[in-house]
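Shown below: input-v1.txt, with compact mmCIF, C-alpha atoms.
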# COMPACT_ATOMS: atom_id res chain seq x y z
CA MET A 67 25.32 -29.80 -38.34
CA THR A 68 24.55 -33.39 -39.27
CA GLY A 69 25.64 -36.91 -38.53
CA PRO A 70 28.11 -37.84 -35.78
CA LEU A 71 28.91 -34.23 -34.81
CA ARG A 72 25.23 -33.52 -34.19
CA ASP A 73 25.06 -36.61 -31.99
CA VAL A 74 28.09 -35.41 -30.01
CA GLU A 75 26.51 -31.97 -29.55
CA THR A 76 23.36 -33.62 -28.21
CA LEU A 77 25.37 -35.62 -25.70
CA LEU A 78 27.29 -32.53 -24.60
CA GLU A 79 24.03 -30.62 -24.14
CA ALA A 80 22.75 -33.42 -21.91
CA LEU A 81 25.92 -33.63 -19.81
CA PRO A 82 25.20 -30.76 -17.36
CA TYR A 83 21.73 -32.17 -16.70
CA ILE A 84 23.04 -35.69 -16.16
CA ARG A 85 25.56 -34.27 -13.69
CA GLU A 86 22.87 -32.20 -11.91
CA PHE A 87 20.41 -35.11 -11.65
CA HIS A 88 22.90 -37.80 -10.64
CA GLY A 89 21.68 -39.55 -7.50
CA ARG A 90 18.40 -37.63 -7.55
CA THR A 91 14.93 -39.17 -7.40
CA VAL A 92 12.48 -38.49 -10.22
CA VAL A 93 8.88 -39.71 -9.97
CA ILE A 94 7.19 -40.34 -13.32
CA LYS A 95 3.43 -40.54 -13.65
CA TYR A 96 2.89 -42.86 -16.60
CA GLY A 97 -0.34 -42.78 -18.56
CA GLY A 98 -2.13 -41.74 -21.73
CA ALA A 99 -0.87 -42.58 -25.21
CA ALA A 100 2.59 -43.44 -23.87
CA MET A 101 0.94 -46.38 -22.11
CA SER A 102 -1.44 -47.46 -24.90
CA ASP A 103 0.66 -47.14 -28.08
CA PRO A 104 2.94 -50.19 -28.54
CA ALA A 105 5.87 -48.22 -29.97
CA LEU A 106 5.65 -45.53 -27.29
CA ARG A 107 5.50 -48.19 -24.57
CA GLU A 108 8.86 -49.57 -25.69
CA GLU A 109 10.42 -46.10 -25.97
CA PHE A 110 9.20 -45.15 -22.50
CA ALA A 111 10.78 -48.28 -21.04
CA ARG A 112 14.10 -47.53 -22.76
CA ASP A 113 14.01 -43.94 -21.50
CA VAL A 114 13.39 -44.97 -17.88
CA VAL A 115 16.15 -47.57 -18.08
CA LEU A 116 18.52 -44.89 -19.41
CA LEU A 117 17.69 -42.66 -16.43
CA LYS A 118 18.70 -45.49 -14.11
CA TYR A 119 21.91 -46.15 -16.01
CA VAL A 120 23.03 -42.49 -15.83
CA GLY A 121 22.63 -42.46 -12.06
CA MET A 122 19.12 -41.19 -11.44
CA ASN A 123 16.55 -42.97 -9.28
CA PRO A 124 13.35 -43.23 -11.35
CA ILE A 125 10.06 -44.28 -9.73
CA VAL A 126 7.11 -45.03 -11.99
CA VAL A 127 3.53 -44.44 -10.77
CA HIS A 128 0.72 -45.50 -13.08
CA GLY A 129 -3.01 -45.76 -13.50
CA GLY A 130 -4.80 -47.59 -16.28
CA GLY A 131 -8.26 -46.10 -16.68
CA PRO A 132 -8.90 -47.19 -20.28
CA ASP A 133 -7.96 -50.79 -19.47
CA ILE A 134 -10.23 -50.78 -16.42
CA THR A 135 -13.12 -49.44 -18.49
CA SER A 136 -12.53 -52.03 -21.20
CA TYR A 137 -12.61 -54.94 -18.75
CA MET A 138 -15.66 -53.57 -16.95
CA GLN A 139 -17.54 -53.35 -20.24
CA ARG A 140 -16.54 -56.91 -21.12
CA LEU A 141 -17.89 -58.02 -17.74
CA GLY A 142 -21.13 -56.07 -18.17
CA LEU A 143 -20.43 -53.73 -15.24
CA PRO A 144 -21.68 -50.11 -15.33
CA VAL A 145 -19.07 -47.42 -15.98
CA GLU A 146 -19.83 -44.08 -14.35
CA PHE A 147 -17.79 -40.97 -13.61
CA VAL A 148 -18.57 -38.00 -11.37
CA GLY A 149 -16.37 -34.94 -11.67
CA GLY A 150 -13.73 -37.02 -13.47
CA LEU A 151 -13.65 -39.64 -10.70
CA ARG A 152 -14.69 -43.23 -11.40
CA VAL A 153 -17.65 -44.28 -9.25
CA SER A 154 -16.19 -47.34 -7.52
CA ASP A 155 -18.36 -49.90 -5.78
CA ALA A 156 -16.79 -53.10 -4.45
CA ALA A 157 -17.01 -54.86 -7.84
CA THR A 158 -15.38 -51.93 -9.63
CA VAL A 159 -12.48 -51.85 -7.17
CA GLU A 160 -12.01 -55.59 -7.58
CA VAL A 161 -11.73 -55.21 -11.36
CA ALA A 162 -9.45 -52.18 -10.99
CA LYS A 163 -7.07 -54.13 -8.75
CA MET A 164 -7.02 -57.11 -11.10
CA VAL A 165 -6.28 -54.89 -14.11
CA LEU A 166 -3.83 -52.43 -12.52
CA VAL A 167 -1.92 -54.80 -10.27
CA GLY A 168 -2.24 -58.07 -12.16
CA LYS A 169 -1.88 -56.87 -15.74
CA VAL A 170 -0.78 -53.27 -16.33
CA ASN A 171 1.81 -53.21 -13.54
CA LYS A 172 3.40 -56.48 -14.57
CA ASP A 173 3.52 -55.47 -18.23
CA ILE A 174 5.53 -52.35 -17.28
CA VAL A 175 7.85 -54.38 -15.03
CA LEU A 176 8.53 -56.89 -17.81
CA ARG A 177 9.27 -54.17 -20.38
CA LEU A 178 11.75 -52.42 -18.09
CA GLY A 179 13.47 -55.74 -17.44
CA ARG A 180 13.62 -56.56 -21.11
CA HIS A 181 15.37 -53.25 -21.79
CA GLY A 182 18.04 -53.80 -19.18
CA GLN A 183 16.98 -52.84 -15.66
CA PRO A 184 15.19 -55.03 -13.10
CA ALA A 185 11.97 -53.56 -11.74
CA VAL A 186 9.60 -54.54 -8.95
CA GLY A 187 5.86 -53.93 -9.09
CA LEU A 188 4.03 -52.54 -6.07
CA CYS A 189 0.62 -51.21 -5.21
CA GLY A 190 -0.61 -49.22 -2.26
CA ASP A 191 -1.54 -52.43 -0.43
CA ASP A 192 2.03 -53.79 -0.46
CA GLY A 193 3.83 -53.18 2.81
CA MET A 194 0.98 -50.79 3.71
CA LEU A 195 2.56 -48.41 1.20
CA PHE A 196 -0.48 -46.11 0.93
CA ARG A 197 -3.06 -45.42 3.59
CA VAL A 198 -6.08 -43.69 2.11
CA ALA A 199 -9.28 -42.02 3.27
CA THR A 200 -12.56 -42.29 1.38
CA ILE A 201 -13.54 -39.10 -0.44
CA ASP A 202 -16.80 -37.77 -1.84
CA GLY A 203 -17.47 -36.38 -5.29
CA PRO A 204 -17.06 -32.64 -6.03
CA ALA A 205 -20.61 -31.87 -4.85
CA GLY A 206 -20.57 -34.29 -1.95
CA GLU A 207 -21.76 -37.29 -3.99
CA ASP A 208 -21.20 -40.83 -2.74
CA ILE A 209 -18.77 -42.26 -5.29
CA GLY A 210 -17.87 -45.41 -3.40
CA TYR A 211 -14.36 -46.59 -2.67
CA VAL A 212 -12.37 -43.69 -4.09
CA GLY A 213 -9.48 -42.65 -1.88
CA ARG A 214 -7.19 -39.75 -1.08
CA ILE A 215 -3.72 -40.72 0.10
CA GLU A 216 -3.12 -39.71 3.71
CA ARG A 217 0.24 -41.42 4.19
CA VAL A 218 3.00 -42.93 2.04
CA ASP A 219 5.50 -45.29 3.64
CA ALA A 220 8.61 -44.01 1.88
CA GLY A 221 10.72 -46.68 3.56
CA VAL A 222 9.09 -49.38 1.46
CA ILE A 223 9.95 -47.54 -1.76
CA ARG A 224 13.51 -46.75 -0.65
CA HIS A 225 14.10 -50.40 0.17
CA ILE A 226 13.02 -51.44 -3.33
CA ALA A 227 14.69 -48.50 -5.12
CA ALA A 228 18.10 -49.41 -3.73
CA ASP A 229 18.34 -52.21 -6.29
CA TYR A 230 15.31 -51.98 -8.57
CA ILE A 231 13.04 -49.54 -10.38
CA PRO A 232 9.81 -49.33 -8.34
CA VAL A 233 6.62 -49.46 -10.43
CA ILE A 234 3.60 -48.46 -8.34
CA ALA A 235 -0.07 -49.03 -9.19
CA SER A 236 -2.45 -46.38 -7.88
CA VAL A 237 -4.64 -48.35 -5.50
CA GLY A 238 -4.55 -48.27 -1.72
CA ALA A 239 -6.38 -49.33 1.44
CA ASP A 240 -7.96 -47.40 4.28
CA ARG A 241 -7.32 -48.05 7.98
CA HIS A 242 -9.99 -50.79 7.88
CA GLY A 243 -8.20 -52.68 5.08
CA ARG A 244 -10.72 -51.76 2.38
CA SER A 245 -9.13 -51.25 -1.05
CA HIS A 246 -9.81 -47.99 -2.92
CA ASN A 247 -9.22 -46.51 -6.34
CA VAL A 248 -6.73 -43.63 -6.17
CA ASN A 249 -6.22 -40.95 -8.82
CA ALA A 250 -2.83 -41.71 -10.37
CA ASP A 251 -1.83 -38.04 -10.67
CA ALA A 252 -2.48 -37.51 -6.98
CA ALA A 253 -0.61 -40.73 -6.16
CA ALA A 254 2.45 -39.58 -8.12
CA GLY A 255 2.44 -36.25 -6.30
CA ALA A 256 2.11 -37.96 -2.92
CA VAL A 257 4.98 -40.34 -3.70
CA ALA A 258 7.16 -37.45 -4.87
CA ARG A 259 6.53 -35.55 -1.63
CA ALA A 260 7.18 -38.56 0.57
CA MET A 261 10.41 -39.41 -1.25
CA GLY A 262 11.72 -35.85 -1.29
CA ALA A 263 11.97 -36.19 -5.07
CA TYR A 264 13.91 -33.66 -7.09
CA LYS A 265 11.38 -33.84 -9.91
CA VAL A 266 7.95 -35.23 -10.65
CA VAL A 267 6.98 -35.65 -14.31
CA PHE A 268 3.44 -36.17 -15.61
CA LEU A 269 3.02 -37.76 -19.05
CA THR A 270 -0.21 -36.66 -20.70
CA ASP A 271 -1.78 -36.36 -24.15
CA VAL A 272 -1.37 -32.62 -24.67
CA ALA A 273 1.68 -30.43 -25.22
CA GLY A 274 1.66 -29.24 -21.61
CA TRP A 275 -0.41 -26.74 -19.67
CA LEU A 276 -2.29 -24.68 -22.26
CA ARG A 277 -3.68 -21.27 -21.24
CA ASP A 278 -6.34 -21.91 -23.89
CA PRO A 279 -7.07 -25.65 -24.24
CA ALA A 280 -8.22 -25.05 -27.83
CA ASP A 281 -4.93 -23.39 -28.82
CA PRO A 282 -1.82 -25.62 -28.88
CA GLY A 283 0.27 -22.48 -29.23
CA SER A 284 -0.76 -21.27 -25.77
CA ARG A 285 1.52 -23.69 -23.93
CA VAL A 286 3.05 -22.29 -20.75
CA SER A 287 6.70 -23.32 -20.87
CA GLU A 288 7.51 -22.31 -17.28
CA SER A 289 5.57 -21.02 -14.29
CA THR A 290 5.52 -21.07 -10.49
CA ALA A 291 3.35 -23.16 -8.19
CA ASP A 292 1.73 -19.98 -6.82
CA GLU A 293 0.76 -18.82 -10.32
CA VAL A 294 -0.73 -22.23 -11.07
CA GLU A 295 -2.64 -22.28 -7.81
CA ALA A 296 -4.16 -18.88 -8.61
CA ALA A 297 -5.28 -20.16 -12.04
CA LEU A 298 -6.72 -23.51 -10.90
CA GLY A 299 -10.26 -22.17 -10.65
CA SER A 300 -10.36 -21.68 -14.42
CA VAL A 301 -8.86 -25.07 -15.31
CA ALA A 302 -11.16 -27.96 -16.20
CA GLY A 303 -10.87 -31.55 -17.37
CA GLY A 304 -7.93 -33.87 -16.85
CA MET A 305 -5.40 -31.04 -16.61
CA ARG A 306 -6.80 -29.86 -13.29
CA PRO A 307 -5.74 -32.90 -11.19
CA LYS A 308 -2.32 -32.83 -12.82
CA LEU A 309 -1.80 -29.17 -11.99
CA GLN A 310 -3.14 -29.71 -8.46
CA ALA A 311 -0.72 -32.60 -8.00
CA CYS A 312 2.12 -30.39 -9.24
CA VAL A 313 1.21 -27.63 -6.78
CA ASP A 314 0.91 -30.07 -3.88
CA ALA A 315 4.24 -31.67 -4.77
CA ILE A 316 6.13 -28.38 -4.94
CA HIS A 317 4.55 -27.07 -1.74
CA GLY A 318 5.60 -30.40 -0.22
CA GLY A 319 9.26 -29.83 -1.04
CA VAL A 320 9.67 -31.24 -4.56
CA SER A 321 12.00 -28.96 -6.53
CA TYR A 322 10.34 -29.11 -9.97
CA ALA A 323 7.23 -30.53 -11.61
CA HIS A 324 6.84 -31.12 -15.34
CA ILE A 325 3.83 -31.81 -17.56
CA ILE A 326 4.86 -33.23 -20.92
CA ASP A 327 3.32 -34.72 -24.05
CA GLY A 328 3.75 -38.47 -23.82
CA ARG A 329 2.67 -38.84 -27.46
CA ALA A 330 6.04 -37.43 -28.55
CA PRO A 331 8.76 -40.10 -28.79
CA HIS A 332 11.34 -39.79 -26.00
CA SER A 333 9.52 -36.80 -24.50
CA LEU A 334 10.85 -37.70 -21.06
CA LEU A 335 14.48 -37.40 -22.17
CA LEU A 336 13.83 -34.27 -24.22
CA GLU A 337 12.27 -32.50 -21.24
CA LEU A 338 14.94 -33.53 -18.75
CA PHE A 339 18.12 -33.37 -20.82
CA THR A 340 17.75 -30.52 -23.34
CA ASP A 341 17.94 -26.77 -22.87
CA ALA A 342 14.60 -26.02 -24.52
CA GLY A 343 12.48 -28.81 -23.05
CA ILE A 344 9.14 -29.62 -24.62
CA GLY A 345 6.46 -29.29 -21.93
CA THR A 346 5.54 -27.15 -18.93
CA LYS A 347 8.01 -26.79 -16.08
CA LEU A 348 6.72 -25.64 -12.69
CA ARG A 349 8.93 -24.45 -9.85
CA PRO A 350 8.54 -22.87 -6.39
CA ALA A 351 7.88 -19.15 -6.19
CA PRO A 352 11.10 -17.12 -5.95

Would you encode the structure as structure tokens?
Amino acid sequence: MTGPLRDVETLLEALPYIREFHGRTVVIKYGGAAMSDPALREEFARDVVLLKYVGMNPIVVHGGGPDITSYMQRLGLPVEFVGGLRVSDAATVEVAKMVLVGKVNKDIVLRLGRHGQPAVGLCGDDGMLFRVATIDGPAGEDIGYVGRIERVDAGVIRHIAADYIPVIASVGADRHGRSHNVNADAAAGAVARAMGAYKVVFLTDVAGWLRDPADPGSRVSESTADEVEAALGSVAGGMRPKLQACVDAIHGGVSYAHIIDGRAPHSLLLELFTDAGIGTKLRPAP
């Protein structure tokens, strides 16, 4: 089947999903190639705008690690990671806030607006959206102002989401008002739990959760949160925080979590609105 009939079939395939997701909240963790490649940035913005137009309530949560590293290097500041977490002294957090809140966040907001839906940028400091606690490195190392979210004020997001697409940068403050870096995967999971989201979607630079990271053909298309939790001990690298965030979200009441390849054009729509999907879908245990 080619041409207009194929297009009609695609729309009809999407219809049950559009009906199922209407009025539902979906939290999207935005990062990786989808954030750095100019063409993919535009396609992501169009996809999120489409979700809003068909009646869903998208919320975008983002980091911006490569941009932070680039600006730190330009400023001559040391870049150090421990267990995948950026060591964050006061100067590092200051740069991170300038980059995430002042540049990356506003770029996303402008692109969404240009493609047809008004958006509002937020960070964890706005309206006391996130309250965080300082965490140590994996072996108890002092890694500075790196935070774990203890509380999300969902009312702030709901107020914005009534009329706009919220775009949230992953920084937050502790009870003493000190700003912290926050892992963006963990932030997306925390927002999804607080909002009672139907879905949380993580855009990454691999095809999904791979049983064998060296074998693209080992992608797990669907699994349960309990199965993922049992396998976490053998997962390393950047996939581990994503899977942990998925597990935490589902145990916190989120219906489904997805890990998809943001390098593929329109991967968000393909995962949500087609029968086959393209990534890894995680659900509660039966």

By how many Å are atom CA of Gly345 of chain A and atom CA of Asp327 of chain A apart? 6.6 Å

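The residue that comes closest to Thr91 of chain A, out of A:Val233, A:Ala258, A:Leu151, A:Ile226 and on the basis of all atoms listed in the file, is A:Ala258.
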
Can you pull out every residue within 10 Å of Leu298 of chain A, counting all atoms listed in the file, but drop anything in the same chain fewer than 3 positions away, and send it as a ChimeraX atom specification? /A:293-295,301-302,305-307,309-310,313

Quote the spacing between atom CA of Gly274 of chain A and atom CA of Phe110 of chain A in Å to one decimal place. 17.6 Å

Identify the residues around (-6.8, -42.3, -7.1) within a radius of 9 Å, measuring from all atoms listed in the file in the coordinates stated by the file, and give them as a PyMOL selection string. chain A and resi 129+151+212-215+236-238+246-253

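You can rank A:Ile231, A:Ile209, A:Gln139, A:Ala291 by their closest distance to Leu188 of chain A using all atoms listed in the file, and at the top of that list sits A:Ile231.
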
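The interatomic distance for the pair atom CA of Ala99 of chain A and atom CA of Arg329 of chain A works out to 5.6 Å.
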
Would you list the contacts of Thr135 of chain A as an mmCIF file with C-alpha atoms, keeping the file's coordinate frame, taking every protein, DNA or RNA residue within 12 Å and counting only C-alpha atoms, but skipping same-chain residues closer than 2 positions in sequence?
data_model
loop_
_atom_site.group_PDB
_atom_site.id
_atom_site.type_symbol
_atom_site.label_atom_id
_atom_site.label_comp_id
_atom_site.auth_asym_id
_atom_site.auth_seq_id
_atom_site.Cartn_x
_atom_site.Cartn_y
_atom_site.Cartn_z
ATOM 1 C CA GLY A 129 -3.010 -45.760 -13.500
ATOM 2 C CA GLY A 130 -4.800 -47.590 -16.280
ATOM 3 C CA GLY A 131 -8.260 -46.100 -16.680
ATOM 4 C CA PRO A 132 -8.900 -47.190 -20.280
ATOM 5 C CA ASP A 133 -7.960 -50.790 -19.470
ATOM 6 C CA TYR A 137 -12.610 -54.940 -18.750
ATOM 7 C CA MET A 138 -15.660 -53.570 -16.950
ATOM 8 C CA GLN A 139 -17.540 -53.350 -20.240
ATOM 9 C CA ARG A 140 -16.540 -56.910 -21.120
ATOM 10 C CA LEU A 141 -17.890 -58.020 -17.740
ATOM 11 C CA GLY A 142 -21.130 -56.070 -18.170
ATOM 12 C CA LEU A 143 -20.430 -53.730 -15.240
ATOM 13 C CA PRO A 144 -21.680 -50.110 -15.330
ATOM 14 C CA VAL A 145 -19.070 -47.420 -15.980
ATOM 15 C CA GLU A 146 -19.830 -44.080 -14.350
ATOM 16 C CA PHE A 147 -17.790 -40.970 -13.610
ATOM 17 C CA ARG A 152 -14.690 -43.230 -11.400
ATOM 18 C CA VAL A 153 -17.650 -44.280 -9.250
ATOM 19 C CA SER A 154 -16.190 -47.340 -7.520
ATOM 20 C CA THR A 158 -15.380 -51.930 -9.630
ATOM 21 C CA VAL A 159 -12.480 -51.850 -7.170
ATOM 22 C CA VAL A 161 -11.730 -55.210 -11.360
ATOM 23 C CA ALA A 162 -9.450 -52.180 -10.990
ATOM 24 C CA VAL A 165 -6.280 -54.890 -14.110
ATOM 25 C CA LEU A 166 -3.830 -52.430 -12.520
#

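Minimum distance to Ala315 of chain A across A:Met122, A:Val93, A:Gly299, A:His128 (counting only C-alpha atoms) occurs at A:Val93.
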
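In terms of minimum interatomic distance to Pro124 of chain A, A:Ala111 ranks closest within A:Ala111, A:Gly193, A:Ser284, A:Gly150, counting only C-alpha atoms.
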
Which residues are close to His332 of chain A, i.e. within 9 Å by only C-alpha atoms, leaving aside same-chain residues fewer than 4 positions away? Reply as a compact mmCIF listing (two decimals) with C-alpha atoms, in the coordinates of the input.
# COMPACT_ATOMS: atom_id res chain seq x y z
CA LEU A 106 5.65 -45.53 -27.29
CA GLU A 109 10.42 -46.10 -25.97
CA PHE A 110 9.20 -45.15 -22.50
CA ARG A 112 14.10 -47.53 -22.76
CA ASP A 113 14.01 -43.94 -21.50
CA GLY A 328 3.75 -38.47 -23.82
CA LEU A 336 13.83 -34.27 -24.22
CA GLU A 337 12.27 -32.50 -21.24

Return the single residue from A:Leu334, A:Ala263, A:Ser300, A:Thr76 that is closest to Leu276 of chain A, with distances computed using all atoms listed in the file. A:Ser300

Pick out the residues sitting within 7 Å of Gly203 of chain A, and hand them over as an MDAnalysis selection string; count only C-alpha atoms, and ignore anything fewer than 4 positions along from it in its own chain. chainID A and resid 148:149 207:209

Cut-off 10 Å around (24.1, -43.4, -13.3) with all atoms listed in the file: residues as a PyMOL selection string: chain A and resi 84-85+87-90+116-123

Selection near Ala273 of chain A, 12 Å with all atoms listed in the file, sequence-local residues under 4 positions removed, as a VMD selection string: chain A and resid 268 to 269 277 to 287 305 324 to 330 333 337 343 to 347

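Among A:Ala239, A:Arg224, A:Gly319, A:Thr270, the residue with the shortest atom-to-atom distance to Gly304 of chain A, counting only C-alpha atoms, is A:Thr270.
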